[in-house]
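S.K.: Once you've had a glance at the structure underneath, I'll fire off some questions.
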Amino acid sequence: FPYTTLFRSRDNPCAAPVIALADGYPKLSSWVQFEVTQNEGMTSCQVACKVGDDDWYAFNYDPEFVLMSVTPGTTYQMKVRGYCGNNATWSDWSATIEFTIPAGCVFAGYESDHWNDATSWLNEIMPSLSDNVAIEADVIVPDGCIAYANSIVFNSRGSNPTPTLTIADGGQVQCNANFKATMMKTINAYPATEGNRAGYYLISSPLKNPTYYANTPSDIAMNLLTTENGSPTNDFYKWDYSWNYSEDGYEWRNYRTSNYSMNNANSYANGYLYANKNGTEISFIGTMRGSGTPYNKTVNYSDNSQYDFDGWNLVGNPFTCNAYLMQGDNYIPYYKMNETGDAIVGVATGTPIPPCEGVFVYCNSYSSSVTFTTT
């Protein structure tokens with residue numbers, strides 16, 4: 001229990017000290033902070049603690065004392081007394097305060113920074129999808145790991161900065177509520193062959209808010225637009241089948257010739273075509289969309305024979321975990337980029353879409369939508 005000791009004079013130098021929880025406590029954490037007010041005449045103090053139905057136990061404390069590893073979901077009682085140097089006697093015990101640490105799981109980083117290392121969680125208890133999570137040390141969700149949580153908060157310790165959550169390429173977080181994180185997407189360099197058309201990806205942003213490409217107060221996609229010697233090294237395209245109304249082949253628009261943000265306030269869950277000459281690792285940084293609520297995405301159809309690809313929509317997984325595409329109660333098929341990045345191929349109905357991945361869906365009716373869900 002880290003604490004702050006405040007001194008104040010009293011008429012009775014042996015009056016009992018006062019103990020109180022610090023602002024913001026109790027909260028889901030591996031520790032709790034409280035404040036003790038004692039008299040100038042007191043030379044030392046004792047804290048007595050009662051955990052649940054256990055017996056009281058007492059210990060001396062000083063300004064450097066820290067009691068760690070409180071247990072979430074457990075009720076504590078605390079009281080203090082002071083030793084009066086002038087009277088060589090202990091004061092009465094203070095009034096007892098009682099508090100309960102909220103239930104949940106705490107990542108403390110004891111042994112490593114990997115989410116899937118149970119020894120780095122308080123009491124080695126890892127979370128399920130129904131558990132609230134507090135993060136108290138930098139943590140990585142590695143490739144192949146699926147992290148589960150109902151909600152995620154971050155606890156800083158004293159002057160230490162707020163810890164971070166990083167989702168490596170191939171890692172996933174399934175969290176019911178929105179949360180802060182950095183999600184990585186690895187893009188391999190495309191083959192340096194004359195006329196090469198391989199090495200393309202269909203990508204999407206998992207960020208809840210509009211996505212930008214420079215340092216702004218909003219959420220950001222770093223290392224997306226890259227340059228070498230002042231020239232772009234990336235190809236970044238947006239799709240709209242209606243753009244070829246006047247000229248064939250205009251379904252794709254390159255960012256360099258038609259500036260657009262990856263997402264905007266009216267259009268999330270979009271997919272994009274992307275390639276990078278030298279390869280890059282895109283960092284999506286900011287508030288991630290919680291996957292506890294399915295996301296409905298509007299898809300378009302015009303019934304216009306002048307559009308070569310009428311009804312073909314490029315959408316993207318809006319979550320940080322696998323998503324499924326549905327209409328009503330039914331899974332629907334979709335089309336993705338193949339492994340070599342040079343062709344769009346069909347995928348069996350009910351196949352999950354990985355995070356940060358875009359796919360094509362076909363729509364043949366007006367005012368339609370598809371739903372991204374985690375089940």
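Following the order of the structure tokens, first chain is A, next is B, and so on, with residues numbered from 1 inside each chain and ligands from 1 in the order they appear.
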Tell me, as a ChimeraX atom specification, which residues lie within 6 Å of Asn276 in chain A, counting only C-alpha atoms; anything in the same chain fewer than 5 positions away does not count.

M.R.: /A:189,233-234

S.K.: Could you give me, as a ChimeraX atom specification, the residues within 7 Å of range 77-83 of chain A, counting only C-alpha atoms and dropping anything in the same chain fewer than 3 positions from it?

M.R.: /A:16-17,19,42-51,88-99

S.K.: Deliver the residues from the most recent selection as a file, using N, CA, C and O atoms, as a short mmCIF file (atom, residue, chain, number, x, y, z; two decimals), in the first residue's frame.

M.R.:
data_model
loop_
_atom_site.label_atom_id
_atom_site.label_comp_id
_atom_site.auth_asym_id
_atom_site.auth_seq_id
_atom_site.Cartn_x
_atom_site.Cartn_y
_atom_site.Cartn_z
N ALA A 16 -5.74 9.33 18.00
CA ALA A 16 -5.56 8.34 16.94
C ALA A 16 -5.35 9.03 15.59
O ALA A 16 -5.96 10.05 15.31
N PRO A 17 -4.47 8.49 14.76
CA PRO A 17 -4.33 9.02 13.40
C PRO A 17 -5.60 8.78 12.60
O PRO A 17 -6.54 8.13 13.06
N ILE A 19 -6.97 7.47 8.72
CA ILE A 19 -6.61 6.80 7.47
C ILE A 19 -7.77 6.95 6.48
O ILE A 19 -8.94 6.87 6.87
N MET A 42 3.95 11.90 17.23
CA MET A 42 4.06 10.46 16.97
C MET A 42 5.37 10.16 16.26
O MET A 42 5.76 10.82 15.30
N THR A 43 6.06 9.16 16.74
CA THR A 43 7.38 8.80 16.21
C THR A 43 7.32 7.62 15.25
O THR A 43 8.26 7.40 14.49
N SER A 44 6.25 6.84 15.26
CA SER A 44 6.09 5.73 14.33
C SER A 44 4.62 5.35 14.28
O SER A 44 3.83 5.82 15.11
N CYS A 45 4.29 4.54 13.33
CA CYS A 45 2.90 4.14 13.17
C CYS A 45 2.81 2.66 12.85
O CYS A 45 3.76 2.04 12.38
N GLN A 46 1.62 2.11 13.10
CA GLN A 46 1.30 0.75 12.71
C GLN A 46 0.01 0.76 11.89
O GLN A 46 -0.88 1.56 12.14
N VAL A 47 -0.03 -0.14 10.93
CA VAL A 47 -1.24 -0.39 10.16
C VAL A 47 -1.72 -1.78 10.49
O VAL A 47 -0.93 -2.72 10.59
N ALA A 48 -3.01 -1.92 10.70
CA ALA A 48 -3.61 -3.23 10.88
C ALA A 48 -4.52 -3.50 9.69
O ALA A 48 -5.25 -2.62 9.23
N CYS A 49 -4.45 -4.71 9.18
CA CYS A 49 -5.19 -5.08 7.98
C CYS A 49 -5.96 -6.36 8.23
O CYS A 49 -5.46 -7.29 8.89
N LYS A 50 -7.15 -6.42 7.70
CA LYS A 50 -7.97 -7.62 7.77
C LYS A 50 -8.45 -7.94 6.36
O LYS A 50 -9.07 -7.11 5.70
N VAL A 51 -8.13 -9.13 5.89
CA VAL A 51 -8.46 -9.54 4.53
C VAL A 51 -9.61 -10.53 4.59
O VAL A 51 -9.47 -11.63 5.14
N ALA A 88 5.39 7.63 25.45
CA ALA A 88 5.88 6.26 25.32
C ALA A 88 4.74 5.26 25.33
O ALA A 88 4.75 4.27 26.06
N THR A 89 3.73 5.57 24.53
CA THR A 89 2.57 4.69 24.48
C THR A 89 1.93 4.77 23.10
O THR A 89 2.16 5.73 22.34
N TRP A 90 1.13 3.77 22.75
CA TRP A 90 0.40 3.75 21.49
C TRP A 90 -0.91 4.50 21.64
O TRP A 90 -1.56 4.46 22.67
N SER A 91 -1.29 5.19 20.59
CA SER A 91 -2.60 5.84 20.57
C SER A 91 -3.68 4.78 20.38
O SER A 91 -3.40 3.61 20.14
N ASP A 92 -4.92 5.22 20.46
CA ASP A 92 -6.02 4.33 20.08
C ASP A 92 -5.95 4.06 18.58
O ASP A 92 -5.35 4.83 17.81
N TRP A 93 -6.60 2.98 18.17
CA TRP A 93 -6.72 2.71 16.75
C TRP A 93 -7.68 3.70 16.11
O TRP A 93 -8.64 4.15 16.73
N SER A 94 -7.40 4.05 14.87
CA SER A 94 -8.29 4.93 14.13
C SER A 94 -9.59 4.20 13.79
O SER A 94 -9.72 2.98 14.00
N ALA A 95 -10.54 4.95 13.27
CA ALA A 95 -11.73 4.30 12.73
C ALA A 95 -11.32 3.39 11.57
O ALA A 95 -10.36 3.66 10.85
N THR A 96 -12.03 2.32 11.41
CA THR A 96 -11.72 1.34 10.37
C THR A 96 -12.35 1.75 9.03
O THR A 96 -13.50 2.19 8.99
N ILE A 97 -11.56 1.65 7.98
CA ILE A 97 -12.12 1.84 6.65
C ILE A 97 -12.23 0.46 5.98
O ILE A 97 -11.42 -0.43 6.23
N GLU A 98 -13.25 0.29 5.17
CA GLU A 98 -13.47 -0.98 4.49
C GLU A 98 -13.66 -0.71 3.00
O GLU A 98 -14.33 0.24 2.62
N PHE A 99 -13.06 -1.53 2.18
CA PHE A 99 -13.18 -1.35 0.74
C PHE A 99 -12.99 -2.70 0.06
O PHE A 99 -12.39 -3.62 0.62
#

S.K.: Within 9 Å of Glu136 in chain A, counting only C-alpha atoms, which residues show up once you throw out same-chain ones fewer than 3 positions away? Write them as a PyMOL selection string, please.

M.R.: chain A and resi 29-30+106-109+139+153-157+162-164

S.K.: At a cut-off of 12 Å, using only C-alpha atoms, what residues contact Asp329 in chain A? Leave out same-chain residues fewer than 4 positions from it and give the result as a ChimeraX atom specification.

M.R.: /A:324-325,350,370-373,375

S.K.: Mind dumping the selected residues with N, CA, C and O atoms as a PDB file, in the first residue's frame?

M.R.:
ATOM      1  N   TYR A 324     -16.570 -12.460 -38.742  1.00  0.00           N
ATOM      2  CA  TYR A 324     -17.339 -13.214 -39.718  1.00  0.00           C
ATOM      3  C   TYR A 324     -18.310 -12.263 -40.413  1.00  0.00           C
ATOM      4  O   TYR A 324     -18.788 -11.300 -39.814  1.00  0.00           O
ATOM      5  N   LEU A 325     -18.594 -12.564 -41.680  1.00  0.00           N
ATOM      6  CA  LEU A 325     -19.536 -11.751 -42.442  1.00  0.00           C
ATOM      7  C   LEU A 325     -20.893 -12.435 -42.483  1.00  0.00           C
ATOM      8  O   LEU A 325     -20.990 -13.619 -42.837  1.00  0.00           O
ATOM      9  N   GLY A 350     -18.437 -18.701 -44.123  1.00  0.00           N
ATOM     10  CA  GLY A 350     -18.163 -18.977 -42.716  1.00  0.00           C
ATOM     11  C   GLY A 350     -16.698 -18.927 -42.347  1.00  0.00           C
ATOM     12  O   GLY A 350     -16.337 -19.185 -41.200  1.00  0.00           O
ATOM     13  N   VAL A 370     -23.983  -5.529 -44.655  1.00  0.00           N
ATOM     14  CA  VAL A 370     -23.413  -6.769 -44.144  1.00  0.00           C
ATOM     15  C   VAL A 370     -23.017  -6.519 -42.699  1.00  0.00           C
ATOM     16  O   VAL A 370     -22.797  -5.378 -42.281  1.00  0.00           O
ATOM     17  N   THR A 371     -22.958  -7.566 -41.924  1.00  0.00           N
ATOM     18  CA  THR A 371     -22.648  -7.439 -40.504  1.00  0.00           C
ATOM     19  C   THR A 371     -21.357  -8.181 -40.178  1.00  0.00           C
ATOM     20  O   THR A 371     -21.193  -9.349 -40.533  1.00  0.00           O
ATOM     21  N   PHE A 372     -20.438  -7.455 -39.509  1.00  0.00           N
ATOM     22  CA  PHE A 372     -19.229  -8.081 -38.978  1.00  0.00           C
ATOM     23  C   PHE A 372     -19.525  -8.524 -37.550  1.00  0.00           C
ATOM     24  O   PHE A 372     -19.951  -7.712 -36.717  1.00  0.00           O
ATOM     25  N   THR A 373     -19.275  -9.784 -37.261  1.00  0.00           N
ATOM     26  CA  THR A 373     -19.515 -10.317 -35.926  1.00  0.00           C
ATOM     27  C   THR A 373     -18.368 -11.243 -35.549  1.00  0.00           C
ATOM     28  O   THR A 373     -17.603 -11.688 -36.424  1.00  0.00           O
ATOM     29  N   THR A 375     -18.801 -14.167 -33.938  1.00  0.00           N
ATOM     30  CA  THR A 375     -19.277 -15.540 -33.795  1.00  0.00           C
ATOM     31  C   THR A 375     -19.996 -16.000 -35.062  1.00  0.00           C
ATOM     32  O   THR A 375     -20.420 -15.170 -35.869  1.00  0.00           O
TER      33      THR A 375
END

S.K.: Near range 175-187 of chain A, within 6 Å and counting only C-alpha atoms, which residues show up once chain neighbours fewer than 6 positions away are dropped, as a list in words?

M.R.: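 The residues that qualify are Tyr148, Ala149, Asn150, Ser151, Ile152, Leu165, Thr166, Ile167, Ala168, Asp169, Gly279, Thr280, Glu281, Ile282, Ser283, Phe284, Ile285, Gly286, Thr287, Met288, Arg289, Gly290, Ser291 and Gly292 of chain A.
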
S.K.: Using only C-alpha atoms, which of the listed residues (A:Ala20, A:Ile140, A:Ala147, A:Leu202) sits closest to Met126 in chain A?

M.R.: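 The shortest atom-to-atom distance to Met126 in chain A comes from A:Ala147.
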
S.K.: Run DSSP on the backbone and tell me which residues of range 68-239 of chain A come out as helix (DSSP H, G or I); list them as an NGL selection string.

M.R.: :A and (118-120 or 122-124)

S.K.: Please produce a file of the residues just selected, as a CSV table (one decimal), in the first residue's frame, where the atoms kept are N, CA and C atoms.

M.R.:
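Written out: selection.csv:
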chain,number,residue,atom,x,y,z
A,118,ALA,N,1.2,-16.7,-18.2
A,118,ALA,CA,0.4,-16.7,-17.0
A,118,ALA,C,1.2,-16.1,-15.8
A,119,THR,N,2.5,-16.4,-15.8
A,119,THR,CA,3.3,-15.9,-14.6
A,119,THR,C,3.5,-14.4,-14.5
A,120,SER,N,3.0,-13.7,-15.5
A,120,SER,CA,3.1,-12.2,-15.5
A,120,SER,C,1.8,-11.6,-15.1
A,122,LEU,N,-1.3,-11.2,-12.1
A,122,LEU,CA,-1.5,-11.3,-10.7
A,122,LEU,C,-2.1,-12.6,-10.3
A,123,ASN,N,-1.5,-13.3,-9.4
A,123,ASN,CA,-2.0,-14.6,-9.0
A,123,ASN,C,-2.1,-15.6,-10.1
A,124,GLU,N,-1.4,-15.3,-11.2
A,124,GLU,CA,-1.4,-16.2,-12.4
A,124,GLU,C,-2.8,-16.5,-12.9

S.K.: Quick check for you: according to DSSP on this backbone, which residues of range 22-164 of chain A are classed as strand (DSSP E)? Reply as an MDAnalysis selection string.

M.R.: chainID A and resid 34:38 42:51 57:61 75:84 89:90 97:100 105:107 132:135 139:141 146:149 151:154

S.K.: Write out as a ChimeraX atom specification the residues lying within 6 Å of Tyr335 in chain A, counting only C-alpha atoms and excluding same-chain residues fewer than 6 positions away.

M.R.: /A:345-347,359-360
